[in-house]
>>> print(open('query.cif').read())   # mmCIF, C-alpha atoms
data_start
#
loop_
_atom_site.label_atom_id
_atom_site.label_comp_id
_atom_site.auth_asym_id
_atom_site.auth_seq_id
_atom_site.Cartn_x
_atom_site.Cartn_y
_atom_site.Cartn_z
CA MET A 13 -26.13 20.07 3.24
CA LYS A 14 -24.01 22.19 5.53
CA LEU A 15 -20.63 21.01 6.69
CA LYS A 16 -19.56 23.14 9.60
CA TYR A 17 -15.91 23.20 10.58
CA PHE A 18 -15.84 25.80 13.33
CA LEU A 19 -12.60 26.35 15.16
CA VAL A 20 -11.83 29.22 17.50
CA LEU A 21 -8.08 29.18 17.98
CA ALA A 22 -6.42 31.04 20.80
CA LEU A 23 -2.88 30.41 19.66
CA MET A 24 -0.24 30.91 22.28
CA LEU A 25 3.33 30.50 21.07
CA ILE A 26 5.15 29.34 24.17
CA THR A 27 8.59 28.96 22.67
CA THR A 28 9.86 28.06 19.25
CA PRO A 29 13.61 27.99 18.68
CA ALA A 30 14.82 29.28 15.32
CA LYS A 31 15.94 25.80 14.35
CA ALA A 32 15.25 22.54 16.07
CA GLU A 33 18.10 20.23 16.92
CA LEU A 34 15.78 17.31 16.29
CA GLU A 35 14.53 17.00 12.71
CA ILE A 36 13.39 14.05 10.63
CA ASN A 37 15.00 13.00 7.39
CA VAL A 38 11.72 12.12 5.67
CA ALA A 39 13.13 9.50 3.28
CA GLY A 40 15.09 7.82 6.07
CA ALA A 41 12.15 7.92 8.48
CA MET A 42 10.12 5.77 6.11
CA ARG A 43 12.55 2.95 6.87
CA ASP A 44 13.20 3.86 10.51
CA PRO A 45 10.34 5.94 12.01
CA MET A 46 11.16 8.41 14.79
CA PRO A 47 10.33 7.07 18.30
CA LEU A 48 7.90 9.50 19.92
CA ALA A 49 6.16 9.46 23.29
CA MET A 50 2.73 10.93 24.00
CA PRO A 51 1.57 10.27 27.57
CA GLU A 52 -2.09 10.48 28.62
CA MET A 53 -3.44 14.03 28.37
CA ILE A 54 -3.69 15.81 31.72
CA HIS A 55 -7.37 16.40 32.52
CA ASP A 56 -9.73 17.21 35.39
CA GLY A 57 -12.47 14.66 35.76
CA PHE A 58 -14.02 11.63 34.07
CA PHE A 59 -16.15 13.54 31.53
CA VAL A 60 -13.22 15.66 30.24
CA GLY A 61 -11.07 12.54 30.34
CA GLN A 62 -13.23 11.09 27.56
CA TYR A 63 -12.27 14.02 25.32
CA ALA A 64 -8.64 13.61 26.40
CA ASP A 65 -8.61 9.97 25.31
CA LYS A 66 -10.28 10.73 21.97
CA ILE A 67 -8.04 13.67 21.09
CA ARG A 68 -4.87 11.76 22.01
CA SER A 69 -5.97 8.72 20.00
CA VAL A 70 -6.54 10.79 16.84
CA VAL A 71 -3.19 12.60 17.17
CA ILE A 72 -1.37 9.28 17.56
CA ALA A 73 -3.27 7.71 14.66
CA ASP A 74 -2.45 10.66 12.36
CA LEU A 75 1.25 10.60 13.19
CA GLU A 76 1.60 6.82 12.89
CA ARG A 77 -0.39 6.73 9.64
CA SER A 78 2.17 9.07 8.08
CA GLY A 79 4.78 6.30 8.46
CA LEU A 80 7.30 8.77 9.88
CA PHE A 81 6.65 8.21 13.59
CA LYS A 82 6.49 5.26 15.95
CA VAL A 83 4.58 6.17 19.11
CA LEU A 84 6.05 4.21 22.00
CA PRO A 85 3.67 2.06 24.09
CA GLU A 86 2.28 3.82 27.14
CA ASN A 87 3.19 0.98 29.51
CA SER A 88 6.88 1.74 28.87
CA TYR A 89 6.63 5.32 30.22
CA ILE A 90 8.39 6.03 33.50
CA GLN A 91 7.32 9.60 34.22
CA GLU A 92 3.67 10.56 34.74
CA PHE A 93 2.59 14.16 34.15
CA THR A 94 0.10 15.80 36.52
CA SER A 95 0.56 19.43 35.41
CA MET A 96 1.66 21.32 32.28
CA ASP A 97 4.07 23.22 34.53
CA GLN A 98 5.88 19.98 35.31
CA GLU A 99 9.24 19.69 33.54
CA PRO A 100 10.01 16.46 31.70
CA ALA A 101 12.46 14.11 33.40
CA PHE A 102 14.50 13.73 30.24
CA ILE A 103 16.59 10.88 31.62
CA ASP A 104 13.39 8.82 31.94
CA TRP A 105 12.38 9.50 28.33
CA ARG A 106 15.88 8.78 27.00
CA ALA A 107 15.76 5.48 28.86
CA ILE A 108 12.92 4.29 26.60
CA ASN A 109 14.58 5.79 23.47
CA ALA A 110 12.01 8.54 22.95
CA HIS A 111 13.42 11.18 20.58
CA ALA A 112 10.43 13.49 20.89
CA LEU A 113 7.87 13.95 23.68
CA VAL A 114 4.36 15.43 23.49
CA GLN A 115 3.04 16.80 26.79
CA SER A 116 -0.65 17.77 26.62
CA SER A 117 -3.74 18.70 28.59
CA VAL A 118 -7.45 19.38 28.17
CA ARG A 119 -9.83 21.12 30.55
CA GLU A 120 -13.45 22.21 30.46
CA LEU A 121 -14.11 25.95 30.24
CA ASP A 122 -17.91 25.74 30.27
CA ASP A 123 -20.75 23.55 29.00
CA LYS A 124 -19.71 24.06 25.36
CA ASN A 125 -15.98 24.78 25.26
CA LEU A 126 -12.64 23.13 25.95
CA ARG A 127 -9.11 24.40 26.44
CA VAL A 128 -6.52 22.14 24.82
CA GLU A 129 -2.75 22.62 25.17
CA PHE A 130 0.32 20.74 24.01
CA ARG A 131 4.09 21.09 24.20
CA LEU A 132 6.59 19.31 21.97
CA TRP A 133 9.97 18.47 23.52
CA ASP A 134 13.28 17.50 21.94
CA VAL A 135 14.39 14.76 24.35
CA PRO A 136 18.10 14.48 23.37
CA ALA A 137 18.57 18.29 23.48
CA GLU A 138 16.25 18.72 26.51
CA THR A 139 14.56 21.71 24.89
CA GLN A 140 10.99 22.69 24.04
CA MET A 141 10.39 22.86 20.28
CA LYS A 142 6.81 24.09 20.13
CA GLY A 143 3.79 24.85 22.28
CA GLN A 144 0.24 25.91 21.52
CA SER A 145 -3.12 26.21 23.25
CA PHE A 146 -6.58 26.13 21.68
CA THR A 147 -10.03 27.18 22.78
CA THR A 148 -12.67 25.23 20.88
CA THR A 149 -16.18 23.84 21.06
CA LYS A 150 -16.53 20.31 22.41
CA SER A 151 -18.08 19.15 19.14
CA ASN A 152 -14.89 20.23 17.34
CA TRP A 153 -12.52 18.01 19.33
CA ARG A 154 -11.57 15.89 16.32
CA ARG A 155 -10.44 18.85 14.25
CA VAL A 156 -8.30 20.12 17.15
CA ALA A 157 -6.59 16.72 17.21
CA HIS A 158 -5.78 16.99 13.49
CA VAL A 159 -4.43 20.54 13.98
CA ILE A 160 -2.15 19.34 16.80
CA ALA A 161 -0.89 16.45 14.66
CA ASP A 162 -0.18 18.89 11.81
CA ALA A 163 1.78 21.18 14.14
CA ILE A 164 3.92 18.28 15.43
CA TYR A 165 4.46 16.94 11.90
CA GLU A 166 5.54 20.34 10.60
CA ARG A 167 7.90 21.05 13.50
CA LEU A 168 9.65 17.68 13.21
CA THR A 169 9.79 17.37 9.41
CA GLY A 170 10.04 20.99 8.27
CA GLU A 171 7.08 20.39 5.91
CA LYS A 172 3.42 21.34 6.24
CA GLY A 173 1.13 18.66 7.61
CA TYR A 174 -1.91 17.25 5.84
CA PHE A 175 -4.12 15.85 8.61
CA ASP A 176 -6.57 18.77 8.88
CA THR A 177 -7.98 18.08 5.42
CA ARG A 178 -10.92 16.44 3.71
CA VAL A 179 -11.32 14.05 0.78
CA VAL A 180 -14.23 14.02 -1.64
CA TYR A 181 -14.76 10.81 -3.60
CA VAL A 182 -17.32 8.72 -5.47
CA SER A 183 -19.12 6.20 -3.26
CA GLU A 184 -20.19 3.13 -5.25
CA THR A 185 -22.88 0.60 -4.38
CA GLY A 186 -25.00 -1.98 -6.18
CA PRO A 187 -24.32 -4.57 -8.92
CA ALA A 188 -22.04 -3.77 -11.87
CA THR A 189 -24.98 -3.40 -14.24
CA ARG A 190 -26.83 -0.95 -11.97
CA ARG A 191 -24.04 0.85 -10.14
CA VAL A 192 -25.08 3.78 -7.93
CA LYS A 193 -22.36 6.44 -7.80
CA ARG A 194 -22.75 9.44 -5.52
CA LEU A 195 -20.43 12.05 -4.08
CA ALA A 196 -19.23 11.67 -0.50
CA ILE A 197 -16.90 13.73 1.67
CA MET A 198 -14.90 12.77 4.77
CA ASP A 199 -11.88 13.75 6.83
CA GLN A 200 -8.62 12.38 5.43
CA ASP A 201 -8.71 9.57 8.00
CA GLY A 202 -12.17 8.42 6.88
CA GLU A 203 -14.13 9.98 9.75
CA ASN A 204 -16.96 12.56 9.58
CA HIS A 205 -18.33 10.82 6.50
CA LYS A 206 -21.21 12.54 4.67
CA PHE A 207 -22.95 12.12 1.31
CA LEU A 208 -23.20 15.17 -0.93
CA THR A 209 -25.49 13.79 -3.65
CA SER A 210 -28.42 11.39 -3.50
CA GLY A 211 -27.27 8.92 -6.16
CA ALA A 212 -30.29 9.59 -8.38
CA ALA A 213 -27.82 10.79 -11.05
CA MET A 214 -24.38 9.22 -11.49
CA ALA A 215 -21.55 11.45 -10.20
CA LEU A 216 -17.93 11.20 -11.38
CA THR A 217 -14.50 12.88 -11.13
CA PRO A 218 -15.00 15.38 -8.27
CA ARG A 219 -12.28 18.00 -7.84
CA PHE A 220 -11.82 20.57 -5.06
CA SER A 221 -11.68 24.29 -5.59
CA PRO A 222 -8.52 25.72 -3.99
CA ASN A 223 -10.73 27.94 -1.79
CA LEU A 224 -12.36 24.79 -0.29
CA GLN A 225 -15.91 26.05 -0.64
CA LYS A 226 -16.82 24.27 -3.87
CA ILE A 227 -16.15 21.17 -5.91
CA THR A 228 -16.59 20.55 -9.61
CA TYR A 229 -17.75 17.18 -10.90
CA MET A 230 -19.42 15.43 -13.80
CA SER A 231 -22.93 14.06 -13.51
CA TYR A 232 -25.03 11.85 -15.78
CA SER A 233 -28.46 13.39 -15.36
CA ALA A 234 -31.10 11.74 -17.60
CA GLY A 235 -28.25 9.96 -19.35
CA VAL A 236 -26.58 13.20 -20.45
CA PRO A 237 -23.11 14.06 -19.06
CA LYS A 238 -22.90 17.55 -17.60
CA VAL A 239 -20.37 19.45 -15.49
CA TYR A 240 -21.52 21.04 -12.24
CA ILE A 241 -20.07 23.12 -9.45
CA LEU A 242 -21.38 22.18 -6.00
CA ASP A 243 -21.13 24.46 -2.97
CA ILE A 244 -20.35 21.98 -0.20
CA GLU A 245 -21.48 24.40 2.53
CA THR A 246 -24.93 25.20 1.12
CA GLY A 247 -25.58 22.15 -1.09
CA ARG A 248 -26.42 24.39 -4.06
CA GLN A 249 -25.15 23.33 -7.46
CA GLN A 250 -24.61 25.20 -10.72
CA LEU A 251 -24.58 23.79 -14.23
CA ILE A 252 -21.42 24.86 -16.05
CA GLY A 253 -21.14 25.70 -19.73
CA ASN A 254 -23.34 25.32 -22.74
CA PHE A 255 -21.61 22.45 -24.54
CA PRO A 256 -24.03 20.31 -26.56
CA GLY A 257 -21.72 17.27 -26.55
CA MET A 258 -19.95 15.27 -23.86
CA THR A 259 -17.89 17.15 -21.28
CA PHE A 260 -15.67 15.53 -18.67
CA ALA A 261 -12.49 15.76 -16.54
CA PRO A 262 -13.20 19.21 -15.02
CA ARG A 263 -10.57 20.86 -12.82
CA PHE A 264 -10.22 24.31 -11.22
CA SER A 265 -7.42 26.77 -11.90
CA PRO A 266 -5.20 27.60 -8.88
CA ASP A 267 -7.12 30.85 -8.28
CA SER A 268 -10.54 29.16 -8.80
CA SER A 269 -11.48 31.67 -11.51
CA LYS A 270 -11.36 29.20 -14.39
CA LEU A 271 -12.27 25.62 -15.13
CA LEU A 272 -10.43 23.21 -17.41
CA LEU A 273 -12.48 20.48 -19.06
CA SER A 274 -12.46 18.12 -22.02
CA TYR A 275 -15.14 18.32 -24.68
CA ALA A 276 -15.86 15.56 -27.20
CA SER A 277 -17.50 16.45 -30.51
CA GLY A 278 -17.29 15.13 -34.05
CA GLY A 279 -14.84 12.38 -33.18
CA GLN A 280 -12.42 14.81 -31.53
CA THR A 281 -11.77 15.46 -27.84
CA ASN A 282 -10.13 18.75 -26.94
CA ILE A 283 -9.34 20.76 -23.84
CA PHE A 284 -11.16 24.00 -23.11
CA GLU A 285 -10.67 26.66 -20.48
CA MET A 286 -13.81 28.35 -19.16
CA ASP A 287 -13.88 31.67 -17.33
CA LEU A 288 -16.36 31.11 -14.51
CA LYS A 289 -17.26 34.78 -14.17
CA SER A 290 -18.00 35.53 -17.82
CA GLY A 291 -18.94 32.00 -18.93
CA ARG A 292 -16.74 32.36 -21.99
CA SER A 293 -14.63 29.38 -23.07
CA LYS A 294 -11.39 29.11 -24.98
CA GLN A 295 -10.20 26.03 -26.89
CA LEU A 296 -6.60 25.13 -25.95
CA THR A 297 -5.93 22.00 -28.06
CA SER A 298 -6.92 21.02 -31.60
CA GLY A 299 -6.66 18.16 -34.08
CA GLY A 300 -8.16 14.72 -34.44
CA SER A 301 -6.64 13.18 -31.31
CA ILE A 302 -8.07 12.60 -27.85
CA ASN A 303 -6.82 15.27 -25.43
CA THR A 304 -8.07 15.00 -21.86
CA SER A 305 -7.35 14.98 -18.09
CA PRO A 306 -5.85 18.49 -17.89
CA SER A 307 -4.23 19.74 -14.68
CA TYR A 308 -2.72 23.17 -13.99
CA SER A 309 0.73 23.71 -12.51
CA PRO A 310 0.56 25.34 -9.03
CA ASP A 311 1.33 28.79 -10.47
CA GLY A 312 -1.23 28.38 -13.26
CA SER A 313 1.30 28.98 -16.03
CA LYS A 314 1.29 25.45 -17.52
CA ILE A 315 -1.07 22.54 -18.06
CA VAL A 316 -0.28 18.82 -18.13
CA PHE A 317 -2.67 16.49 -19.99
CA ASN A 318 -2.74 13.13 -21.74
CA SER A 319 -3.17 12.69 -25.49
CA ASP A 320 -2.94 9.96 -28.12
CA ARG A 321 -1.66 12.42 -30.75
CA GLY A 322 1.61 10.45 -30.99
CA GLY A 323 -0.15 7.12 -31.62
CA ASN A 324 -0.78 6.02 -28.03
CA GLN A 325 -1.70 7.65 -24.75
CA GLN A 326 1.15 9.80 -23.41
CA LEU A 327 1.66 12.87 -21.21
CA TYR A 328 2.15 16.36 -22.62
CA ILE A 329 2.72 19.82 -21.17
CA MET A 330 1.64 23.11 -22.72
CA ASN A 331 1.53 26.73 -21.67
CA ALA A 332 -1.77 27.85 -20.13
CA ASP A 333 -2.69 29.55 -23.41
CA GLY A 334 -2.25 26.28 -25.36
CA SER A 335 1.16 27.12 -26.88
CA ASP A 336 4.44 25.16 -26.74
CA VAL A 337 2.97 21.63 -26.51
CA HIS A 338 5.64 19.03 -25.83
CA ARG A 339 5.68 15.40 -24.71
CA ILE A 340 7.20 14.42 -21.35
CA SER A 341 6.59 10.62 -21.13
CA TYR A 342 8.73 8.27 -23.21
CA ASN A 343 8.97 5.00 -21.29
CA PRO A 344 6.97 1.89 -22.34
CA GLY A 345 3.28 1.89 -21.48
CA ARG A 346 0.27 4.19 -21.72
CA TYR A 347 -0.18 7.16 -19.38
CA ALA A 348 -3.34 8.81 -18.04
CA THR A 349 -4.86 11.04 -15.29
CA PRO A 350 -1.84 13.31 -14.72
CA VAL A 351 -2.00 15.73 -11.80
CA TRP A 352 0.57 18.31 -10.79
CA SER A 353 1.97 18.23 -7.24
CA PRO A 354 1.03 21.24 -5.07
CA ARG A 355 4.79 21.84 -4.70
CA GLY A 356 5.31 21.76 -8.46
CA ASP A 357 8.15 19.25 -8.26
CA TYR A 358 6.38 16.15 -9.64
CA ILE A 359 3.48 15.05 -11.79
CA ALA A 360 1.59 11.96 -10.63
CA PHE A 361 -0.04 9.67 -13.18
CA THR A 362 -1.71 6.35 -13.92
CA LYS A 363 0.28 4.01 -16.15
CA MET A 364 -0.89 0.90 -18.00
CA VAL A 365 2.04 -1.44 -18.66
CA ASN A 366 2.60 -5.23 -18.76
CA GLY A 367 -1.08 -5.92 -18.09
CA GLN A 368 -1.11 -3.88 -14.88
CA PHE A 369 -2.20 -0.44 -13.73
CA CYS A 370 0.43 1.54 -11.84
CA ILE A 371 0.65 4.79 -9.91
CA GLY A 372 3.83 6.77 -10.53
CA VAL A 373 5.46 10.19 -10.54
CA MET A 374 7.84 12.01 -12.86
CA TYR A 375 9.50 15.41 -13.21
CA PRO A 376 7.56 18.04 -15.18
CA GLU A 377 10.73 18.61 -17.20
CA PRO A 378 13.80 16.34 -17.46
CA ILE A 379 16.62 17.28 -15.09
CA GLY A 380 19.98 16.59 -16.66
CA GLY A 381 18.21 14.52 -19.31
CA ILE A 382 16.50 12.35 -16.67
CA ASP A 383 12.69 12.27 -16.47
CA GLY A 384 12.71 11.10 -12.85
CA GLU A 385 9.93 8.58 -13.45
CA ARG A 386 9.29 6.32 -10.46
CA ILE A 387 6.58 3.70 -10.17
CA LEU A 388 5.16 3.66 -6.64
CA SER A 389 2.56 0.88 -6.79
CA CYS A 390 1.15 -1.58 -9.36
CA GLY A 391 -1.74 -4.03 -9.41
CA TYR A 392 -4.82 -5.30 -11.19
CA LEU A 393 -6.32 -1.78 -11.12
CA LYS A 394 -4.76 1.33 -9.56
CA GLU A 395 -5.92 4.64 -10.94
CA GLY A 396 -6.71 8.32 -10.40
CA PRO A 397 -4.01 9.77 -8.09
CA THR A 398 -4.62 12.89 -6.02
CA TRP A 399 -2.03 14.76 -3.92
CA SER A 400 -2.09 15.66 -0.25
CA PRO A 401 -1.68 19.44 0.12
CA ASN A 402 1.97 19.12 1.21
CA GLY A 403 2.89 17.00 -1.84
CA ARG A 404 4.15 14.09 0.31
CA VAL A 405 1.30 11.56 -0.05
CA LEU A 406 -0.85 10.28 -2.89
CA MET A 407 -4.34 8.82 -2.69
CA PHE A 408 -5.91 6.73 -5.48
CA PHE A 409 -8.43 3.95 -6.00
CA ALA A 410 -7.62 0.29 -6.51
CA GLN A 411 -9.14 -3.11 -7.18
CA ASP A 412 -7.19 -6.34 -6.67
CA ARG A 413 -9.31 -8.59 -8.94
CA ALA A 414 -12.21 -8.53 -11.38
CA GLY A 415 -15.43 -8.00 -9.46
CA GLY A 416 -13.54 -7.30 -6.25
CA PRO A 417 -14.14 -4.31 -3.97
CA VAL A 418 -12.94 -0.89 -5.15
CA ARG A 419 -11.01 0.80 -2.35
CA LEU A 420 -9.25 4.07 -1.72
CA GLN A 421 -5.57 3.72 -0.91
CA SER A 422 -2.73 6.06 0.02
CA ILE A 423 1.01 5.84 -0.44
CA ASP A 424 3.98 8.06 0.41
CA LEU A 425 5.89 9.81 -2.35
CA THR A 426 8.83 7.49 -1.61
CA GLY A 427 6.71 4.42 -2.45
CA HIS A 428 6.47 3.32 1.20
CA ASN A 429 3.57 3.09 3.62
CA GLU A 430 0.78 1.97 1.28
CA ARG A 431 -2.50 1.85 3.22
CA ILE A 432 -6.21 1.27 2.65
CA VAL A 433 -8.43 4.28 3.44
CA VAL A 434 -11.60 2.76 4.91
CA THR A 435 -14.94 3.92 3.45
CA PRO A 436 -18.48 2.63 4.17
CA ALA A 437 -18.84 1.25 0.63
CA ASP A 438 -16.66 0.99 -2.48
CA GLY A 439 -14.82 4.23 -3.28
CA SER A 440 -13.24 5.73 -6.40
CA ASP A 441 -12.04 9.05 -7.89
CA PRO A 442 -10.68 10.65 -4.69
CA ALA A 443 -9.76 14.34 -4.55
CA TRP A 444 -7.79 15.75 -1.62
CA SER A 445 -8.55 19.22 -0.25
CA PRO A 446 -5.98 21.84 0.73
CA LEU A 447 -5.56 22.43 4.47
CA LEU A 448 -8.76 23.74 6.03
CA PRO A 449 -8.74 27.48 6.84
#
>>> encode(input="query.cif", output="structure tokens")
Amino acid sequence: MKLKYFLVLALMLITTPAKAELEINVAGAMRDPMPLAMPEMIHDGFFVGQYADKIRSVVIADLERSGLFKVLPENSYIQEFTSMDQEPAFIDWRAINAHALVQSSVRELDDKNLRVEFRLWDVPAETQMKGQSFTTTKSNWRRVAHVIADAIYERLTGEKGYFDTRVVYVSETGPATRRVKRLAIMDQDGENHKFLTSGAAMALTPRFSPNLQKITYMSYSAGVPKVYILDIETGRQQLIGNFPGMTFAPRFSPDSSKLLLSYASGGQTNIFEMDLKSGRSKQLTSGGSINTSPSYSPDGSKIVFNSDRGGNQQLYIMNADGSDVHRISYNPGRYATPVWSPRGDYIAFTKMVNGQFCIGVMYPEPIGGIDGERILSCGYLKEGPTWSPNGRVLMFFAQDRAGGPVRLQSIDLTGHNERIVVTPADGSDPAWSPLLP
């Protein structure tokens, strides 16, 4: 299967002040989103107008889904734009309490290509904050919309966006006794959905390579668990390792040169690091306990994992060579599926406590003796967090009752803005990609 994300960008920096006067306080915006206006895109003709409507709708949906922005209703707008050369009448936009304004246009270059342009205005300061133009194929209109939303998000928050990304997950269908689990991939908003495996063999725990070209996952082929790497552009897959026992929980190193995985043999489960070029593996943990779910720090120097070596399931950190193992979770409950934030500031985890499953975050190391643990969401089943590439949002899978549907959900790092991510069937084990190149 070939997933083609072709984007020809003709980037034109119109003006970008060194520091914007208008900037979101992210934590505060969760409680009081920034009012933003985005009038209809300027366009020339009915056919191009269809692209204008679709692009604008995706940009608005991305920004509103973040929880940081409230796009004002179009029927409240006073000024109507007919040209990108037209200056905003700032008094009209202040009258409806718009703090930011997005002026945009789309025009047809030829049978295959579009020219898309936007300008972001600071309404109170009456200044332009950012402007860009893009030349792209018509079939790529959706990705252009995500790129525009990312640019607006970054300019107003000071943080990278996360809209131009994909999510790979396990699509589940069929009765509990004969569950079909196959890999699927989609844009972060649930669109452009495609299946990557047929479902003939059960697929579990997919994880993206940082270079975006490949994913690693576990598959039960003929009832035997094996770890594969799948090239999502070509559809080719490669069997990894030569472990005679059960292998699971694979994850790439930050530079994609190594793979962490857990290997169960003789009543023990330990973490191994495999060099993908040489095929050689190195055992990082030892002993009679269960050590699993390893995740590298962003710089590759440390690994977080969960282990029952202390009597019950807790989180531990060690150096990448397996040295200096120390526990980091001490609150009541059992901890699992830790994953390091791309920014390195938090570790997300699943926690089982008081008969519930919870998604939470904590510091990798205590700061001033405080572990920083915060529970973001709890329920009947909530498990398997994955980070957006900017470290602001978590996605996980959840079930609200026994036998109920299994859904993907997202939540902001602050614990606000919990949302269902719609998939065609049940979904579990999500993994978020970095920003697309």
>>> residues_around(input="query.cif", residues="Asn223 (chain A)", least_positions_apart="4", cutoff="12 Å", atoms="all atoms listed in the file", output="ChimeraX atom specification")
/A:219,227,243-244,264-269,445-449
>>> write_last_selection(input="query.cif", atoms="C-alpha atoms", output="mmCIF file, in the frame of the given file")
data_model
loop_
_atom_site.group_PDB
_atom_site.id
_atom_site.type_symbol
_atom_site.label_atom_id
_atom_site.label_comp_id
_atom_site.auth_asym_id
_atom_site.auth_seq_id
_atom_site.Cartn_x
_atom_site.Cartn_y
_atom_site.Cartn_z
ATOM 1 C CA ARG A 219 -12.280 18.000 -7.840
ATOM 2 C CA ILE A 227 -16.150 21.170 -5.910
ATOM 3 C CA ASP A 243 -21.130 24.460 -2.970
ATOM 4 C CA ILE A 244 -20.350 21.980 -0.200
ATOM 5 C CA PHE A 264 -10.220 24.310 -11.220
ATOM 6 C CA SER A 265 -7.420 26.770 -11.900
ATOM 7 C CA PRO A 266 -5.200 27.600 -8.880
ATOM 8 C CA ASP A 267 -7.120 30.850 -8.280
ATOM 9 C CA SER A 268 -10.540 29.160 -8.800
ATOM 10 C CA SER A 269 -11.480 31.670 -11.510
ATOM 11 C CA SER A 445 -8.550 19.220 -0.250
ATOM 12 C CA PRO A 446 -5.980 21.840 0.730
ATOM 13 C CA LEU A 447 -5.560 22.430 4.470
ATOM 14 C CA LEU A 448 -8.760 23.740 6.030
ATOM 15 C CA PRO A 449 -8.740 27.480 6.840
#
>>> resolve_selection(input="query.cif", expression="the PyMOL selection byres ((chain A and resi 395-401) around 7)", output="list in words")
Tyr174, Thr349, Val351, Ser353, Pro354, Ala360, Phe361, Thr362, Phe369, Ile371, Leu393, Lys394, Asn402, Gly403, Arg404, Val405, Leu406, Met407, Phe408, Phe409, Ala410, Asp441, Pro442, Ala443, Trp444, Ser445, Pro446 and Leu447 of chain A
>>> atom_distance(input="query.cif", atom1="CA of Gly299 (chain A)", atom2="CA of Ala276 (chain A)")
11.8 Å
>>> closest_residue(input="query.cif", among="A:Pro85, A:Gly61, A:Gly173, A:Gly367", to="Arg119 (chain A)", atoms="only C-alpha atoms")
A:Gly61
>>> residues_near_point(input="query.cif", point="(3.3, 10.9, 31.6)", cutoff="8 Å", atoms="all atoms listed in the file", output="NGL selection string")
:A and (50-52 or 89-94 or 115)
>>> atom_distance(input="query.cif", atom1="CA of Arg431 (chain A)", atom2="CA of Ala414 (chain A)")
20.4 Å
>>> resolve_selection(input="query.cif", expression="the PyMOL selection byres ((chain A and resi 419) around 7)", output="JSON, numbers by chain")
{"A": [409, 410, 411, 417, 418, 420, 421, 432, 438, 439, 440]}
>>> residues_around(input="query.cif", residues="region 315-318 of chain A", least_positions_apart="6", cutoff="6 Å", atoms="only C-alpha atoms", output="list in words")
Asn303, Thr304, Ser305, Pro306, Ser307, Tyr308, Ser309, Gln326, Leu327, Tyr328, Ile329, Met330, Ala332 and Ala348 of chain A
